[in-house]
Amino acid sequence: MTPDVTDDYGENVRLSPEYFERAISRPVDPGPLDDTTGRTLVTGSGSSFNMALLLSNLLRRRGHRARTVYPYELTRHERLGDHTVVCISQSGETTDIVDAVSRAEDAGCRPVGITTVLDSSLGTRVDHSIEFEPAGEYILSRSCGVLSCLGRLLELYRVLGGAAPERWPSHAVDDVSKTVDRRLEADEGVEVADEYVFLAGGALLPIARESALSVRESTLLTATAHDVNNFAHGTAFQYTEPRDAVVVLLEARDDDTMVFDATESMLSELGVESIRVTSEAEQPWAAAELLAWSLAFSAQLNDAVSLDLANPPGLETVRGLLDQHTSAED
């Protein structure tokens with residue numbers, strides 16, 4: 001049964017390992033994604049776009065000619081040919097994603113949907129669907145939804161031939177659960193900074209992007225993501241002047257330790273605070289543990305800034321403008 005989603009951001013993060021466990025414990029039918037002869041385009045919006053970036057990486061590891069595109073690229077592309085188009089939308093009702101499916105159908109592509117609701121506009125229009133959650137209902141919590149989607153993508157990768165680590169999936173579930181508990185119960189808490197930067201490489205770069213998005217959505221603070229391999233060659237020079245920033249390095253066991261060591265040392269010389277989070281799992285399997293850490297970190301920041309997500313800053317102003325617009329129409 002689906003756990004009750006609450007109004008508390010941190011409590012929803014505590015629930016997210018349950019969604020992840022269900023997601024990776026059920027078999028996935030890859031459908032057309034088992035065929036590597038054609039080209040594959042993957043699209044999504046928001047968190048789903050970050051998951052699309054990850055899926056493209058996973059498919060390329062299995063021999064696909066896959067790349068991620070924005071939804072509008074599909075609606076304007078005149079020569080899609082016989083591509084397989086994978087559309088990710090938790091609700092299955094995201095307008096630009098549904099429009100992309102229509103364009104893919106008109107162009108003769110094979111549309112695949114990854115969604116929570118199989119009888120949604122997306123689920124009913126594609127040739128093949130992969131479901132997030134067995135309950136078949138929209139997951140109200142973004143943290144539960146994104147970990148559920150990530151679990152399905154990792155299980156899809158395993159089905160397509162990706163060598164899963166020992167004791168998969170039980171070990172992964174333990175890592176995610178323990179990571180969330182340790183981060184949320186950390187005595188030191190977090191100090192609010194003006195800016196957060198997440199660094200990662202390879203299949204973990206989409207996780208860095210999702211981590212930054214999570215911070216922005218839960219706190220309204222500035223947060224960005226960059227490839228750790230390129231950070232020292234340009235972006236880091238933004239921090240030669242004193243800035244209230246925190247840089248989070250997300251590292252898998254098989255990442256190049258020298259790159260992370262050098263980046264950490266450079267940040268120390270610049271006087272920028274850094275947090276290095278290292279998973280004992282290799283890429284791409286480390287994605288779940290590192291994303292769980294970031295979601296819990298975002299929950300702590302949410303508590304620190306005391307942001308009421310039901311009534312974010314500026315909401316009354318927006319409501320006032322909407323009321324004025326409605327009155328003008330009347």
# chains A, B, ... in the order shown; residues from 1 in each chain; ligands from 1
$ residues_around --residues "Glu166 (chain A)" --least-positions-apart "5" --cutoff "12 Å" --atoms "only C-alpha atoms" --output "list in words"
His171, Ala172, Glu280, Ala281, Glu282 and Trp285 of chain A
$ select_by_dssp --residues "region 74-223 of chain A" --states "strand (DSSP E)" --output "ChimeraX atom specification"
/A:84-88,110-115,128-131,195-200,222-223
$ write_last_selection --atoms "N, CA and C atoms" --output "PDB file, in the first residue's frame"
ATOM      1  N   THR A  84      12.808   5.509 -31.629  1.00  0.00           N
ATOM      2  CA  THR A  84      12.024   5.218 -30.434  1.00  0.00           C
ATOM      3  C   THR A  84      12.087   6.460 -29.553  1.00  0.00           C
ATOM      4  N   VAL A  85      10.924   6.959 -29.144  1.00  0.00           N
ATOM      5  CA  VAL A  85      10.849   8.170 -28.337  1.00  0.00           C
ATOM      6  C   VAL A  85      10.334   7.804 -26.949  1.00  0.00           C
ATOM      7  N   VAL A  86      11.154   8.051 -25.929  1.00  0.00           N
ATOM      8  CA  VAL A  86      10.782   7.742 -24.553  1.00  0.00           C
ATOM      9  C   VAL A  86      10.380   9.039 -23.860  1.00  0.00           C
ATOM     10  N   CYS A  87       9.150   9.084 -23.363  1.00  0.00           N
ATOM     11  CA  CYS A  87       8.627  10.282 -22.704  1.00  0.00           C
ATOM     12  C   CYS A  87       8.403   9.979 -21.226  1.00  0.00           C
ATOM     13  N   ILE A  88       9.001  10.783 -20.351  1.00  0.00           N
ATOM     14  CA  ILE A  88       8.888  10.577 -18.914  1.00  0.00           C
ATOM     15  C   ILE A  88       8.034  11.682 -18.307  1.00  0.00           C
ATOM     16  N   ARG A 110       8.209   5.016 -32.474  1.00  0.00           N
ATOM     17  CA  ARG A 110       7.682   4.096 -31.473  1.00  0.00           C
ATOM     18  C   ARG A 110       7.706   4.805 -30.115  1.00  0.00           C
ATOM     19  N   PRO A 111       6.549   5.276 -29.625  1.00  0.00           N
ATOM     20  CA  PRO A 111       6.547   6.006 -28.361  1.00  0.00           C
ATOM     21  C   PRO A 111       6.498   5.067 -27.152  1.00  0.00           C
ATOM     22  N   VAL A 112       7.344   5.356 -26.178  1.00  0.00           N
ATOM     23  CA  VAL A 112       7.378   4.621 -24.910  1.00  0.00           C
ATOM     24  C   VAL A 112       7.138   5.631 -23.800  1.00  0.00           C
ATOM     25  N   GLY A 113       6.277   5.297 -22.842  1.00  0.00           N
ATOM     26  CA  GLY A 113       5.989   6.191 -21.729  1.00  0.00           C
ATOM     27  C   GLY A 113       6.502   5.624 -20.414  1.00  0.00           C
ATOM     28  N   ILE A 114       7.073   6.483 -19.594  1.00  0.00           N
ATOM     29  CA  ILE A 114       7.450   6.114 -18.230  1.00  0.00           C
ATOM     30  C   ILE A 114       6.668   7.050 -17.321  1.00  0.00           C
ATOM     31  N   THR A 115       5.699   6.504 -16.591  1.00  0.00           N
ATOM     32  CA  THR A 115       4.760   7.325 -15.842  1.00  0.00           C
ATOM     33  C   THR A 115       4.225   6.552 -14.647  1.00  0.00           C
ATOM     34  N   HIS A 128       4.111   1.398 -25.474  1.00  0.00           N
ATOM     35  CA  HIS A 128       4.605   0.615 -24.339  1.00  0.00           C
ATOM     36  C   HIS A 128       4.807   1.536 -23.144  1.00  0.00           C
ATOM     37  N   SER A 129       4.406   1.076 -21.951  1.00  0.00           N
ATOM     38  CA  SER A 129       4.533   1.889 -20.742  1.00  0.00           C
ATOM     39  C   SER A 129       5.359   1.168 -19.688  1.00  0.00           C
ATOM     40  N   ILE A 130       6.119   1.948 -18.928  1.00  0.00           N
ATOM     41  CA  ILE A 130       6.820   1.462 -17.741  1.00  0.00           C
ATOM     42  C   ILE A 130       6.293   2.289 -16.571  1.00  0.00           C
ATOM     43  N   GLU A 131       5.738   1.617 -15.592  1.00  0.00           N
ATOM     44  CA  GLU A 131       5.052   2.285 -14.494  1.00  0.00           C
ATOM     45  C   GLU A 131       5.991   2.508 -13.315  1.00  0.00           C
ATOM     46  N   GLU A 195      24.362  30.236  -1.769  1.00  0.00           N
ATOM     47  CA  GLU A 195      24.451  29.477  -3.021  1.00  0.00           C
ATOM     48  C   GLU A 195      24.945  28.060  -2.749  1.00  0.00           C
ATOM     49  N   TYR A 196      24.391  27.096  -3.500  1.00  0.00           N
ATOM     50  CA  TYR A 196      24.825  25.702  -3.405  1.00  0.00           C
ATOM     51  C   TYR A 196      25.189  25.217  -4.802  1.00  0.00           C
ATOM     52  N   VAL A 197      26.301  24.503  -4.882  1.00  0.00           N
ATOM     53  CA  VAL A 197      26.784  23.978  -6.155  1.00  0.00           C
ATOM     54  C   VAL A 197      27.007  22.478  -5.994  1.00  0.00           C
ATOM     55  N   PHE A 198      26.423  21.691  -6.892  1.00  0.00           N
ATOM     56  CA  PHE A 198      26.581  20.236  -6.853  1.00  0.00           C
ATOM     57  C   PHE A 198      27.449  19.808  -8.030  1.00  0.00           C
ATOM     58  N   LEU A 199      28.476  19.004  -7.731  1.00  0.00           N
ATOM     59  CA  LEU A 199      29.408  18.535  -8.743  1.00  0.00           C
ATOM     60  C   LEU A 199      29.379  17.011  -8.826  1.00  0.00           C
ATOM     61  N   ALA A 200      29.384  16.490 -10.036  1.00  0.00           N
ATOM     62  CA  ALA A 200      29.440  15.048 -10.269  1.00  0.00           C
ATOM     63  C   ALA A 200      29.848  14.834 -11.716  1.00  0.00           C
ATOM     64  N   THR A 222      19.561  29.703  -4.269  1.00  0.00           N
ATOM     65  CA  THR A 222      20.258  29.488  -5.526  1.00  0.00           C
ATOM     66  C   THR A 222      21.024  28.174  -5.469  1.00  0.00           C
ATOM     67  N   ALA A 223      20.851  27.337  -6.472  1.00  0.00           N
ATOM     68  CA  ALA A 223      21.571  26.061  -6.535  1.00  0.00           C
ATOM     69  C   ALA A 223      21.793  25.697  -7.995  1.00  0.00           C
TER      70      ALA A 223
END
$ atom_distance --atom1 "CA of Leu150 (chain A)" --atom2 "CA of Asp119 (chain A)"
21.1 Å
$ closest_residue --among "A:Asp255, A:Asp96, A:Asp261, A:Glu18" --to "Cys144 (chain A)" --atoms "only C-alpha atoms"
A:Glu18
$ residues_around --residues "Ala286 (chain A)" --least-positions-apart "2" --cutoff "12 Å" --atoms "only C-alpha atoms" --output "JSON, numbers by chain"
{"A": [150, 151, 154, 164, 165, 171, 172, 173, 175, 176, 179, 200, 201, 202, 203, 204, 205, 207, 250, 251, 252, 253, 254, 255, 277, 278, 279, 280, 281, 282, 283, 284, 288, 289, 290, 291, 292, 293]}
$ atom_distance --atom1 "CA of Asp106 (chain A)" --atom2 "CA of Asp29 (chain A)"
24.7 Å
$ select_by_dssp --residues "region 83-129 of chain A" --states "helix (DSSP H, G or I)" --output "VMD selection string"
chain A and resid 95 to 106
$ closest_residue --among "A:Ser148, A:Ser177, A:Thr257, A:Ser211" --to "Thr224 (chain A)" --atoms "only C-alpha atoms"
A:Ser211
$ closest_residue --among "A:Gly92, A:Gly145, A:Pro27, A:Pro134" --to "Ser120 (chain A)" --atoms "only C-alpha atoms"
A:Gly92
$ atom_distance --atom1 "CA of Glu217 (chain A)" --atom2 "CA of Ser298 (chain A)"
8.9 Å
$ residues_around --residues "Gly271 (chain A)" --least-positions-apart "4" --cutoff "10 Å" --atoms "only C-alpha atoms" --output "PyMOL selection string"
chain A and resi 239-245+265-267
$ closest_residue --among "A:Asn302, A:Ser268, A:Glu273, A:Val146" --to "Ala287 (chain A)" --atoms "only C-alpha atoms"
A:Val146
$ closest_residue --among "A:Asp181, A:Glu155, A:Asp227, A:Glu269" --to "Gln300 (chain A)" --atoms "only C-alpha atoms"
A:Asp181
$ closest_atom_pairs --of "region 7-36 of chain A" --to "region 48-64 of chain A" --cutoff "10 Å" --atoms "only C-alpha atoms" --output "Markdown table"
| residue | atom | partner | partner_atom | distance |
| --- | --- | --- | --- | --- |
| A:Leu33 | CA | A:Leu59 | CA | 8.3 |
| A:Asp34 | CA | A:His64 | CA | 9.3 |
| A:Asp35 | CA | A:His64 | CA | 8.1 |
| A:Thr36 | CA | A:His64 | CA | 5.0 |
$ write_last_selection --atoms "C-alpha atoms" --output "PDB file, in the first residue's frame"
ATOM      1  CA  LEU A  33      14.103  -0.511 -25.527  1.00  0.00           C
ATOM      2  CA  ASP A  34      15.476  -4.029 -25.901  1.00  0.00           C
ATOM      3  CA  ASP A  35      16.209  -3.180 -29.549  1.00  0.00           C
ATOM      4  CA  THR A  36      19.484  -1.317 -30.111  1.00  0.00           C
TER       5      THR A  36
END
